[in-house]
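Asker: Sharing a structure here in structure tokens format.
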2 protein chains.
Amino acid sequence: MHRSLSLFRRAATVLLIACALPLLLLADEGMWTFDNPPLKQLKERYGFTPTQAWLDHLRLSSVRFNDGGSGSFVSPNGLVLTNHHVARGQLQKVSTAARNYAADGFLAASEADEIKCPDLEINQLVSMEDVTARVQGAVKPTTSAGEALEARRAEMARIEKESLDKTGLRSDVVTLYQGGEYWLYRYKKYTDIRIVFAPEEQAAFFGGDPDNFTYPRYDLDVAVFRVYENDKPVRPRDYLKWNTAGADEGDLVFVSGHPGTTNRLDTMAQLEYARDVQRPIVLGFLNGRLGVLRAHAKTGPEAARQAQDLIFGLENALKSYQGEYDGLLDRAVIDKKAAEERDLRNRVDARPELRAEYADAWSVIAAAMQQAASTYRERFYSQVGRSQAGLPGIAMTIVQYAAEVAKPDAERLPGFNDAQLESLRFSLLSPAPVYPALDETLVASWLAEGLKALGPDSAYIRTVLGGRPAAEVAREAIGGTKIGDPAVRRALVEGGVAAVNASTDPLVVLARKLDPLVREQQKWLETNVNGPLQAAGEKIGRARFAVYGKTASPDATFTLRLSYGTVKGYPMNGTIAPPKTTLFGLFDRSLGFGGKPPFNLPDRFVKRRDRLVLSTPVNFVTTNDVVGGSSGSPVVNRAGELVGLIFDGNIESLVGTYVYSEETNRSVAVHTAYIIEALRKLYDADRLANELEGRGR
Amino acid sequence: MHRSLSLFRRAATVLLIACALPLLLLADEGMWTFDNPPLKQLKERYGFTPTQAWLDHLRLSSVRFNDGGSGSFVSPNGLVLTNHHVARGQLQKVSTAARNYAADGFLAASEADEIKCPDLEINQLVSMEDVTARVQGAVKPTTSAGEALEARRAEMARIEKESLDKTGLRSDVVTLYQGGEYWLYRYKKYTDIRIVFAPEEQAAFFGGDPDNFTYPRYDLDVAVFRVYENDKPVRPRDYLKWNTAGADEGDLVFVSGHPGTTNRLDTMAQLEYARDVQRPIVLGFLNGRLGVLRAHAKTGPEAARQAQDLIFGLENALKSYQGEYDGLLDRAVIDKKAAEERDLRNRVDARPELRAEYADAWSVIAAAMQQAASTYRERFYSQVGRSQAGLPGIAMTIVQYAAEVAKPDAERLPGFNDAQLESLRFSLLSPAPVYPALDETLVASWLAEGLKALGPDSAYIRTVLGGRPAAEVAREAIGGTKIGDPAVRRALVEGGVAAVNASTDPLVVLARKLDPLVREQQKWLETNVNGPLQAAGEKIGRARFAVYGKTASPDATFTLRLSYGTVKGYPMNGTIAPPKTTLFGLFDRSLGFGGKPPFNLPDRFVKRRDRLVLSTPVNFVTTNDVVGGSSGSPVVNRAGELVGLIFDGNIESLVGTYVYSEETNRSVAVHTAYIIEALRKLYDADRLANELEGRGR
């Protein structure tokens with residue numbers, strides 16, 4: 001199952017800045033920006049040429065879920081369709097010990113019953129503007145790599161601020177092609193999002209962790225929200241027309257969504273760093289953490305409920321991360337990447353003007369990765385606390401927020417620029433519940449693991465533990481903190497540096513102690529790693545343009561992309577996987593395991609089995625090039641109608657971070673027919689089904 | 001799908017004589033002889049101790065299909081259950097251009113309508129006698145390896161002849177543990193076997209070649225015969241009681257059948273020979289031959305019908321052979337085998353008395369394999385004609401038969417001893433149809449391939465082609481032969497050497513020309529390869545007994561074996577395969593491919609879908625250690641009742657030729673409940689279902 005930008009992944013891949021354009025355009029490969037759709041490939045392979053109106057309509061119907069994931073407007077009254085697993089964080093946040101919406105699902109009987117999400121922001125990409133010249137022009141040729149990094153950032157912050165002031169729209173400068181291009185993306189931002197429908201976890205995530213990232217699948221991984229403004233449902237000009245007949249084998253289909261991260265154009269030095277340094281450490285840590293969470297969940301039903309979302313996310317991250325790691329260990333993958341790099345370098349070396357300008361970039365990156373490797377373990381453990389959900393992350397963000405907003409915009413740490421503050425505060429001051437007992441368990445294990453990995457003499461361990469036991473530090477910090485209360489957070493945020501410095505809240509005190517060290521690491525990283533990487537990456541990017549032209553899509557950046565492909569089976573484990581599955585198969589797989597979890601079905605499925613048309617398509621696979629973050633993306637046909645809903649990739653697609661193979665890489669989608677069949681026959685939700693199918697409300 | 005001793009495989013593996021006992025007894029591993037059942041393992045792992053009566057009953061209920069495969073008596077009136085794909089050869093032989101039983105199935109309305117098989121012999125193992133001392137005692141310590149081979153063979157032929165004369169039973173001396181033991185197996189032989197029921201190919205082999213050797217599966221791979229003697233159904237004392245509830249997850253189950261060949265105890269030199277010399281040549285040839293057969297099948301519907309069984313067999317052999325080859329290419333497999341060999345050799349070297357006696361065996365085998373490699377290509381192409389079905393094989397056998405029966409029994413080529421002649425004549429004089437057009441195509445391509453592989457100057461090519469085009473030689477030999485007529489064959493067989501030498505039948509003439517060369521190769525092989533291999537193999541076998549004791553089962557030899565295991569899913573392609581499948585899944589898989597071949601279903605399945613209980617188990621998997629040849633074996637529970645029917649192994653089991661892994665190696669079986677459900681609801685065969693379920697006839 002694809003899962004958006006998992007927090008773990010975001011933390012772990014921050015260093016892996018991809019560096020260039022693909023060597024060759026392969027088949028249905030590519031996650032294309034809407035300013036540069038693959039018109040040539042579509043015409044040549046499929047005889048299809050989308051109009052600008054077709055493209056604009058699809059773009060404006062698409063939305064980004066800022067807590068990770070994608071979605072689309074699917075009704076004139078603001079319904080947004082996404083996955084259950086994208087909705088899951090919000091379902092968890094509106095649940096209580098008494099009502100577990102994440103597990104048991106929810107259907108609003110009327111608009112009045114729709115449940116408002118505490119901190120969900122969704123974005124609609126309303127315009128794109130090329131600002132490459134301005135960003136690149138901000139860098140003087142003589143500056144060092146570290147200074148150049150800062151100069152670019154400052155210019156990007158200025159562009160964002162100007163745009164925000166002028167348009168009132170969320171404005172993000174996006175780095176594409178490793179700095180080959182910079183674009184200003186303006187988003188319409190929605191923050192009043194209400195939950196309309198979610199099925200039971202067991203329908204959405206049937207097959208659980210074993211079936212996750214695999215196919216054939218039988219999942220109703222669906223959730224429906226409604227977007228409000230001024231307490232009224234929005235009436236989007238653009239929404240996707242629902243097509244219940246849905247996708248069928250051989251159909252050309254499009255996916256419009258927000259793939260998170262790819263590293264297809266990393267240099268060999270970066271791949272080796274990921275393989276030999278970073279991934280083993282991260283995988284080791286995540287495996288240990290999953291054990292801690294499972295043990296915590298066993299302490300009682302409410303502990304289990306609270307830990308549920310994290311366990312889900314962690315299992316998902318682990319399986320995906322392991323799949324990527326296996327790709328790095330695969331000789332064939334590495335050989336292919338090495339051949340690509342060799343070809344580019346040979347072509348650069350063959351042309352003196354390119355050679356003079358670009359040939360040193362690869363050794364610069366190799367040196368930067370060596371630097372990165374020398375400190376990775378310490379940096380990883382120092383950052384775990386910050387990059388995880390829960391109270392420690394909140395505390396660290398508050399401490400940094402106070403210090404950063406006091407500076408001129410252009411000098412702040414990434415993430416704290418003026419144009420970003422509103423969204424940041426929305427998330428920071430969320431009224432969503434916190435789980436101190438769970439956080440304490442996690443902090444204790446994080447500190448204990450850090451101690452074990454780094455030893456008592458590391459600067460980080462001395463700072464956070466100061467010789468005391470990890471459990472004691474965790475108990476004191478989490479047990480004594482009041483920042484679970486949004487009002488306390490607000491007071492600190494609004495009180496600024498003075499309030500933060502005066503705070504005796506033990507978790508804030510701990511974050512304050514850690515802050516200088518994190519800043520020092522960040523500074524070191526920018527000077528020794530990110531600066532050189534960015535400069536050399538840009539060089540390789542330009543070298544690629546010079547050698548191959550601009551023929552491929554940029555690496556994924558959790559911004560809107562268009563992919564195309566075909567509904568198609570694939571070779572699998574000695575046989576062929578089918579283009580689609582049906583309700584027959586759902587019952588087969590459940591009964592094949594004797595109905596035991598995670599192959600059990602919600603009662604309503606068992607009781608109402610005879611009402612169902614069992615030949616209804618459930619899930620299907622396409623060759624579309626999609627990675628984590630695309631979860632919840634609409635699948636549309638040539639007519640731009642909704643025919644499916646992306647929710648996963650097959651196990652063979654996990655290596656897609658590095659290479660795409662049309663033979664075996666598949667996106668997995670929920671079929672529109674299944675959504676309607678389930679809503680009408682299993683959930684008694686004719687009203688919602690009618691609205692989706694455009695039969696009036 | 002497991003397929004017995006395919007002719008191709010038999011030809012290809014003739015050199016791969018396995019050489020020793022397993023290093024460690026792993027889990028549910030082992031294909032045990034009935035004289036040495038795994039009582040200790042059953043008691044320790046499963047708390048189960050079969051009585052001698054239980055074992056005898058299972059053995060006597062089991063039968064061997066001599067054209068390749070296994071089966072069991074399942075009614076007091078002589079019904080025998082096996083697979084459709086085991087019955088397939090006979091179904092083909094009783095079919096005509098007008099009636100294609102292999103494709104369309106058959107159900108006898110009454111006993112009178114049962115169709116007699118032209119040349120099917122089945123065997124029931126009625127006794128086993130240890131003759132090790134006698135066979136080993138026949139070899140003088142001073143003889144050469146080649147002479148020792150002959151001396152052993154002569155003694156074995158004497159034992160068989162004496163037993164036949166004394167008991168009238170088919171008597172085979174079986175080599176176990178690479179000559180560590182020799183056993184006289186006596187069989188009750190049946191040759192009047194009639195076809196009672198076979199489903200359509202599309203029900204039996206749903207999913208076709210893609211799904212073959214994979215799981216989850218949904219196959220009704222079933223056929224029912226009735227055994228007659230004196231034109232009356234036999235009334236076997238031992239037959240398996242039918243249990244329609246069948247097997248369920250976690251059940252301890254047993255398989256009693258005839259696994260064909262394993263090479264688990266080959267030395268590294270033998271594995272490398274297979275990997276580097278033999279398998280690439282065989283795979284290349286088989287792939288080419290499959291192309292030839294498919295092209296032939298396209299020339300018309302009757303050509304397609306005639307070629308159908310060979311295509312099926314060849315696809316099956318190729319997939320299985322490729323899976324085994326992949327195992328040899330798998331570093332992990334090779335490392336495991338190397339570690340096993342190292343351990344045994346170290347232990348031998350550590351004990352002076354073992355070292356003196358056995359330590360040279362590995363280098364003897366390595367030298368023999370080098371010899372074998374030097375001539376493999378020529379030998380392979382010279383033997384293709386003989387080892388294939390059809391007229392060329394018949395002609396070659398007749399020529400050799402005449403010469404051999406004129407000699408004293410002990411001096412004959414293997415396969416022509418007195419005790420074997422009755423079965424050989426039964427097969428040689430079969431009234432089954434021959435397909436000259438098909439044979440001509442195959443001979444032409446075989447000769448052309450041989451020319452390409454060996455060049456015009458090889459002794460073999462000069463002998464068979466003598467400078468003429470392959471197609472011309474094939475046309476003359478097959479076009480002009482009369483041996484398609486069983487009466488012509490009988491005259492030659494009964495006329496002996498004189499008749500054969502006088503024959504001007506062009507195919508007999510060709511076989512006569514080839515015969516000296518084949519004999520020369522055979523002689524060379526025995527002196528330089530098989531003799532040393534047998535002697536050294538025996539040494540390693542004895543060394544194993546000395547080091548590890550007699551704790552494991554011998555390699556498979558197409559003789560009756562008992563295996564045990566559990567009904568259990570397994571990790572597969574990122575998820576878990578279920579212990580069983582259901583009828584829901586059959587329809588899911590068919591619809592998932594839009595009902596396109598090979599995922600189409602017979603009409604009756606579609607029309608009568610609503611009559612079926614869709615939760616009926618269809619296929620299931622067990623940890624039983626089973627390989628090709630076991631097809632059609634009964635699966636029985638602790639009570640000795642029939643709960644399933646082996647028909648295949650999963651793709652992960654193909655490497656089982658070399659290593660067994662309890663984690664992923666699975667046998668695939670048809671569930672008894674599916675057989676009954678299909679007979680009653682789809683085939684209107686209540687009469688047969690009643691007989692199977694013991695409800696009277």
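Following the order of the structure tokens, chains are lettered A, B, ..., residues in each are numbered from 1, and ligands are numbered from 1.
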Considering only C-alpha atoms, return as a ChimeraX atom specification whatever protein or nucleic-acid residues lie within 6 Å of Val635 in chain B, sequence-local ones (same chain, fewer than 5 positions apart) excluded.

Answerer: /B:254-255,642-645

Asker: Please identify every residue of chain A that has at least one atom no farther than 7 Å from an atom of chain B, counting only C-alpha atoms, and for each give the shortest atom pair and the distance in Å to one decimal, arranged by chain then increasing number, as JSON lines.

Answerer:
```
{"residue": "A:Pro210", "atom": "CA", "partner": "B:Thr575", "partner_atom": "CA", "distance": 4.5}
{"residue": "A:Asp211", "atom": "CA", "partner": "B:Thr575", "partner_atom": "CA", "distance": 5.2}
{"residue": "A:Thr214", "atom": "CA", "partner": "B:Gly574", "partner_atom": "CA", "distance": 6.3}
{"residue": "A:Asn573", "atom": "CA", "partner": "B:Asn573", "partner_atom": "CA", "distance": 6.5}
{"residue": "A:Gly574", "atom": "CA", "partner": "B:Ile651", "partner_atom": "CA", "distance": 6.2}
{"residue": "A:Thr575", "atom": "CA", "partner": "B:Pro210", "partner_atom": "CA", "distance": 4.5}
{"residue": "A:Ile576", "atom": "CA", "partner": "B:Pro210", "partner_atom": "CA", "distance": 6.3}
{"residue": "A:Pro578", "atom": "CA", "partner": "B:Gly592", "partner_atom": "CA", "distance": 5.2}
{"residue": "A:Pro579", "atom": "CA", "partner": "B:Gly592", "partner_atom": "CA", "distance": 6.0}
{"residue": "A:Lys580", "atom": "CA", "partner": "B:Gly592", "partner_atom": "CA", "distance": 4.8}
{"residue": "A:Thr581", "atom": "CA", "partner": "B:Gly592", "partner_atom": "CA", "distance": 5.1}
{"residue": "A:Thr582", "atom": "CA", "partner": "B:Asp588", "partner_atom": "CA", "distance": 5.5}
{"residue": "A:Phe584", "atom": "CA", "partner": "B:Phe584", "partner_atom": "CA", "distance": 4.8}
{"residue": "A:Gly585", "atom": "CA", "partner": "B:Asp588", "partner_atom": "CA", "distance": 4.9}
{"residue": "A:Phe587", "atom": "CA", "partner": "B:Phe584", "partner_atom": "CA", "distance": 6.5}
{"residue": "A:Asp588", "atom": "CA", "partner": "B:Gly585", "partner_atom": "CA", "distance": 4.9}
{"residue": "A:Gly592", "atom": "CA", "partner": "B:Lys580", "partner_atom": "CA", "distance": 4.8}
{"residue": "A:Phe593", "atom": "CA", "partner": "B:Pro578", "partner_atom": "CA", "distance": 5.4}
{"residue": "A:Ile651", "atom": "CA", "partner": "B:Gly574", "partner_atom": "CA", "distance": 6.2}
```

Asker: Take the residues from that selection and write them out as a CSV table (one decimal), in the first residue's frame, keeping all heavy atoms.

Answerer:
```
chain,number,residue,atom,x,y,z
A,210,PRO,N,0.3,-8.4,5.5
A,210,PRO,CA,0.8,-9.4,4.5
A,210,PRO,C,0.4,-8.9,3.1
A,210,PRO,O,1.3,-9.0,2.2
A,210,PRO,CB,0.1,-10.7,4.9
A,210,PRO,CG,-0.2,-10.6,6.4
A,210,PRO,CD,-0.4,-9.1,6.6
A,211,ASP,N,-0.8,-8.6,2.9
A,211,ASP,CA,-1.2,-8.2,1.5
A,211,ASP,C,-0.8,-6.8,1.1
A,211,ASP,O,-0.9,-6.4,-0.1
A,211,ASP,CB,-2.8,-8.3,1.4
A,211,ASP,CG,-3.2,-9.7,1.0
A,211,ASP,OD1,-2.3,-10.6,1.0
A,211,ASP,OD2,-4.4,-9.9,0.8
A,214,THR,N,1.0,-5.7,-2.3
A,214,THR,CA,1.0,-6.8,-3.1
A,214,THR,C,-0.3,-6.8,-4.0
A,214,THR,O,-1.2,-5.9,-3.8
A,214,THR,CB,1.0,-8.2,-2.4
A,214,THR,OG1,-0.2,-8.4,-1.7
A,214,THR,CG2,2.2,-8.2,-1.4
A,573,ASN,N,5.5,-14.5,-10.0
A,573,ASN,CA,5.8,-15.7,-9.2
A,573,ASN,C,5.5,-16.9,-10.0
A,573,ASN,O,4.9,-17.9,-9.5
A,573,ASN,CB,4.9,-15.7,-8.0
A,573,ASN,CG,5.6,-16.4,-6.8
A,573,ASN,OD1,6.8,-16.1,-6.5
A,573,ASN,ND2,5.0,-17.3,-6.1
A,574,GLY,N,5.9,-16.9,-11.3
A,574,GLY,CA,5.8,-18.1,-12.1
A,574,GLY,C,4.5,-18.1,-13.0
A,574,GLY,O,4.4,-18.9,-13.9
A,575,THR,N,3.6,-17.2,-12.7
A,575,THR,CA,2.4,-17.1,-13.5
A,575,THR,C,2.1,-15.7,-13.9
A,575,THR,O,3.0,-14.9,-14.0
A,575,THR,CB,1.2,-17.8,-12.8
A,575,THR,OG1,0.0,-17.8,-13.7
A,575,THR,CG2,0.8,-17.2,-11.5
A,576,ILE,N,0.8,-15.4,-14.1
A,576,ILE,CA,0.4,-14.0,-14.5
A,576,ILE,C,-0.6,-13.5,-13.5
A,576,ILE,O,-1.5,-14.2,-13.1
A,576,ILE,CB,-0.3,-14.0,-15.9
A,576,ILE,CG1,0.3,-15.0,-16.9
A,576,ILE,CG2,-0.4,-12.6,-16.5
A,576,ILE,CD1,-0.5,-15.2,-18.1
A,578,PRO,N,-3.8,-11.1,-12.8
A,578,PRO,CA,-4.9,-10.7,-13.7
A,578,PRO,C,-5.0,-9.1,-13.7
A,578,PRO,O,-4.6,-8.5,-12.7
A,578,PRO,CB,-6.1,-11.3,-13.0
A,578,PRO,CG,-5.8,-11.4,-11.6
A,578,PRO,CD,-4.3,-11.7,-11.5
A,579,PRO,N,-5.6,-8.6,-14.8
A,579,PRO,CA,-5.8,-7.1,-14.8
A,579,PRO,C,-6.7,-6.7,-13.7
A,579,PRO,O,-6.5,-5.6,-13.2
A,579,PRO,CB,-6.5,-6.9,-16.2
A,579,PRO,CG,-6.1,-8.1,-17.0
A,579,PRO,CD,-6.0,-9.3,-16.0
A,580,LYS,N,-7.6,-7.5,-13.2
A,580,LYS,CA,-8.5,-7.0,-12.2
A,580,LYS,C,-8.9,-8.2,-11.3
A,580,LYS,O,-8.7,-9.4,-11.6
A,580,LYS,CB,-9.8,-6.4,-12.8
A,580,LYS,CG,-10.7,-7.4,-13.5
A,580,LYS,CD,-11.9,-6.8,-14.1
A,580,LYS,CE,-12.7,-7.9,-14.8
A,580,LYS,NZ,-13.8,-7.4,-15.6
A,581,THR,N,-9.5,-7.9,-10.1
A,581,THR,CA,-10.0,-8.9,-9.2
A,581,THR,C,-11.5,-8.6,-9.1
A,581,THR,O,-12.0,-7.5,-9.5
A,581,THR,CB,-9.4,-8.8,-7.9
A,581,THR,OG1,-9.6,-7.6,-7.3
A,581,THR,CG2,-7.9,-9.0,-7.9
A,582,THR,N,-12.2,-9.5,-8.5
A,582,THR,CA,-13.7,-9.4,-8.3
A,582,THR,C,-14.1,-9.7,-6.9
A,582,THR,O,-13.3,-10.2,-6.1
A,582,THR,CB,-14.5,-10.3,-9.3
A,582,THR,OG1,-14.3,-11.7,-8.8
A,582,THR,CG2,-14.0,-10.2,-10.7
A,584,PHE,N,-15.8,-12.2,-6.0
A,584,PHE,CA,-15.6,-13.6,-5.9
A,584,PHE,C,-14.3,-13.8,-5.1
A,584,PHE,O,-14.1,-14.6,-4.2
A,584,PHE,CB,-15.5,-14.3,-7.2
A,584,PHE,CG,-16.8,-14.6,-7.9
A,584,PHE,CD1,-17.2,-14.0,-9.0
A,584,PHE,CD2,-17.7,-15.6,-7.3
A,584,PHE,CE1,-18.4,-14.3,-9.7
A,584,PHE,CE2,-18.9,-15.8,-7.9
A,584,PHE,CZ,-19.2,-15.2,-9.1
A,585,GLY,N,-13.3,-13.1,-5.6
A,585,GLY,CA,-11.9,-13.3,-5.0
A,585,GLY,C,-11.8,-12.8,-3.6
A,585,GLY,O,-11.0,-13.4,-2.8
A,587,PHE,N,-14.0,-13.2,-1.3
A,587,PHE,CA,-14.5,-14.3,-0.4
A,587,PHE,C,-13.6,-15.5,-0.5
A,587,PHE,O,-13.4,-16.2,0.5
A,587,PHE,CB,-16.0,-14.6,-0.8
A,587,PHE,CG,-16.9,-13.5,-0.4
A,587,PHE,CD1,-17.4,-12.6,-1.4
A,587,PHE,CD2,-17.3,-13.3,0.9
A,587,PHE,CE1,-18.3,-11.6,-1.0
A,587,PHE,CE2,-18.1,-12.3,1.3
A,587,PHE,CZ,-18.6,-11.4,0.3
A,588,ASP,N,-13.0,-15.7,-1.7
A,588,ASP,CA,-12.1,-16.8,-1.8
A,588,ASP,C,-10.9,-16.6,-0.8
A,588,ASP,O,-10.5,-17.5,-0.1
A,588,ASP,CB,-11.5,-16.9,-3.2
A,588,ASP,CG,-10.5,-18.0,-3.4
A,588,ASP,OD1,-10.9,-19.2,-3.1
A,588,ASP,OD2,-9.4,-17.7,-3.8
A,592,GLY,N,-10.0,-18.9,2.2
A,592,GLY,CA,-8.8,-19.7,2.1
A,592,GLY,C,-8.0,-19.7,3.4
A,592,GLY,O,-7.3,-20.6,3.6
A,593,PHE,N,-8.1,-18.6,4.2
A,593,PHE,CA,-7.5,-18.6,5.5
A,593,PHE,C,-8.4,-18.9,6.6
A,593,PHE,O,-8.2,-18.5,7.7
A,593,PHE,CB,-6.9,-17.2,5.7
A,593,PHE,CG,-5.7,-16.9,4.8
A,593,PHE,CD1,-5.8,-16.2,3.6
A,593,PHE,CD2,-4.4,-17.3,5.2
A,593,PHE,CE1,-4.7,-15.9,2.8
A,593,PHE,CE2,-3.3,-17.1,4.4
A,593,PHE,CZ,-3.5,-16.4,3.2
A,651,ILE,N,4.3,-5.4,-5.1
A,651,ILE,CA,5.6,-5.5,-4.4
A,651,ILE,C,6.8,-5.2,-5.4
A,651,ILE,O,7.8,-4.7,-5.0
A,651,ILE,CB,5.7,-7.0,-3.8
A,651,ILE,CG1,6.9,-7.0,-2.8
A,651,ILE,CG2,6.0,-8.0,-4.9
A,651,ILE,CD1,6.4,-6.7,-1.4
```

Asker: Near Arg152 in chain A, counting only C-alpha atoms, which residues have an atom at most 8 Å away, once you skip same-chain residues fewer than 5 positions from it, shown as a list of chain:residue names?

Answerer: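 Result of the neighbour search: A:Val135, A:Gln136, A:Ala138, A:Val139.
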
Asker: With C-alpha atoms retained, write the just-selected residues as a PDB file, in the first residue's frame.

Answerer:
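This went into part-v2.pdb:
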```pdb
ATOM      1  CA  VAL A 135      16.186  31.798  -8.281  1.00  0.00           C
ATOM      2  CA  GLN A 136      19.295  30.895 -10.231  1.00  0.00           C
ATOM      3  CA  ALA A 138      20.265  35.066  -6.969  1.00  0.00           C
ATOM      4  CA  VAL A 139      23.467  33.058  -6.791  1.00  0.00           C
TER       5      VAL A 139
END
```

Asker: To test your reading of the structure, identify every residue in range 123-201 of chain A that backbone DSSP assigns to strand (DSSP E), and report it as a VMD selection string.

Answerer: chain A and resid 123 to 130 170 to 176 181 to 190 192 to 198

Asker: Mind giving me the straight-line distance from CA of Leu492 in chain A to CA of Ile115 in chain A in Å, one decimal?

Answerer: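 Interatomic distance here is 28.9 Å.
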
Asker: Nearest to Asn83 in chain A among A:Val131, A:Val224, A:Val493, A:Arg425, with distances taken over only C-alpha atoms: which residue is it?

Answerer: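 The closest residue to Asn83 in chain A is A:Val224.
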
Asker: Among range 500-640 of chain A, which residues does DSSP mark as alpha helix (DSSP H) when it is run on the backbone? Keep the chain and numbering as in the structure and answer as a short mmCIF file (atom, residue, chain, number, x, y, z; two decimals) with C-alpha atoms, in the first residue's frame.

Answerer:
```cif
data_model
loop_
_atom_site.label_atom_id
_atom_site.label_comp_id
_atom_site.auth_asym_id
_atom_site.auth_seq_id
_atom_site.Cartn_x
_atom_site.Cartn_y
_atom_site.Cartn_z
CA VAL A 500 9.87 29.61 25.29
CA ASN A 501 13.01 30.51 27.23
CA ALA A 502 11.01 31.11 30.37
CA PRO A 506 10.11 19.67 31.05
CA LEU A 507 9.57 18.70 27.44
CA VAL A 508 10.22 22.26 26.28
CA VAL A 509 13.32 22.32 28.46
CA LEU A 510 14.53 19.10 26.83
CA ALA A 511 13.82 20.47 23.35
CA ARG A 512 15.70 23.66 24.24
CA LYS A 513 18.70 21.65 25.32
CA LEU A 514 18.62 19.69 22.08
CA ASP A 515 18.03 22.68 19.81
CA PRO A 516 21.64 23.98 19.58
CA LEU A 517 22.88 20.53 18.71
CA VAL A 518 20.26 20.07 16.00
CA ARG A 519 21.12 23.49 14.57
CA GLU A 520 24.79 22.69 14.63
CA GLN A 521 24.15 19.44 12.79
CA GLN A 522 21.96 21.25 10.29
CA LYS A 523 24.64 23.84 9.68
CA TRP A 524 27.33 21.19 9.32
CA LEU A 525 25.12 19.27 6.93
CA GLY A 531 25.53 22.60 -0.33
CA PRO A 532 27.95 20.55 -2.43
CA LEU A 533 25.17 18.11 -3.32
CA GLN A 534 22.90 20.85 -4.53
CA ALA A 535 25.61 22.53 -6.59
CA ALA A 536 26.87 19.29 -8.11
CA GLY A 537 23.32 18.02 -8.61
CA GLU A 538 22.47 21.13 -10.58
CA LYS A 539 25.55 20.55 -12.71
CA ILE A 540 24.58 17.00 -13.50
CA GLY A 541 21.05 18.15 -14.19
CA ARG A 542 22.31 20.70 -16.70
CA ALA A 543 24.67 18.16 -18.19
CA ARG A 544 21.71 15.85 -18.78
CA PHE A 545 19.74 18.60 -20.48
CA ALA A 546 22.78 19.22 -22.69
CA VAL A 547 23.30 15.56 -23.54
CA TYR A 548 19.79 14.13 -23.77
CA LEU A 583 -15.84 -9.86 -5.26
CA PHE A 584 -15.59 -13.60 -5.85
CA GLY A 585 -11.92 -13.28 -5.02
CA LEU A 586 -12.51 -11.36 -1.81
CA PHE A 587 -14.51 -14.25 -0.42
CA ASP A 588 -12.07 -16.80 -1.79
CA ARG A 589 -9.13 -15.20 -0.05
CA SER A 590 -10.99 -14.82 3.22
CA LEU A 591 -12.19 -18.42 3.21
CA GLY A 592 -8.79 -19.67 2.07
CA ASP A 603 -20.01 -8.83 9.51
CA ARG A 604 -21.97 -6.98 6.88
CA PHE A 605 -19.91 -8.62 4.12
CA VAL A 606 -20.70 -12.06 5.41
CA LYS A 607 -24.35 -11.40 6.14
#
```

Asker: Nearest residue to Arg687 in chain A out of A:Val196, A:Asn346, A:Ala98, A:Gln270, using only C-alpha atoms?

Answerer: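 Among the listed residues, the smallest separation from Arg687 in chain A belongs to A:Val196.
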
Asker: Near range 198-203 of chain A, within 7 Å and counting only C-alpha atoms, which residues show up once chain neighbours fewer than 2 positions away are dropped, as a count of residues only?

Answerer: 16

Asker: For Ile461 in chain A, list every protein, DNA or RNA residue within 10 Å, evaluated using only C-alpha atoms, and leave out those in the same chain fewer than 6 positions away; present the list as number ranges by chain.

Answerer: A: 378, 381-382, 447-448, 450-455, 467-468, 470, 514

Asker: Keeping only C-alpha atoms, take the residues you just selected and write them out as a short mmCIF file (atom, residue, chain, number, x, y, z; two decimals), in the first residue's frame.

Answerer:
```cif
data_model
loop_
_atom_site.label_atom_id
_atom_site.label_comp_id
_atom_site.auth_asym_id
_atom_site.auth_seq_id
_atom_site.Cartn_x
_atom_site.Cartn_y
_atom_site.Cartn_z
CA GLU A 378 24.46 10.43 15.21
CA TYR A 381 19.23 9.34 16.33
CA SER A 382 19.24 13.06 17.11
CA LEU A 447 16.63 7.40 23.90
CA ALA A 448 17.60 3.89 24.92
CA GLY A 450 20.22 6.08 20.78
CA LEU A 451 22.36 5.29 23.80
CA LYS A 452 22.97 1.79 22.51
CA ALA A 453 23.81 2.99 19.01
CA LEU A 454 25.94 6.01 19.87
CA GLY A 455 27.41 5.22 23.27
CA GLY A 467 23.98 10.23 32.49
CA ARG A 468 20.42 9.49 33.58
CA ALA A 470 16.38 6.84 29.33
CA LEU A 514 18.62 19.69 22.08
#
```
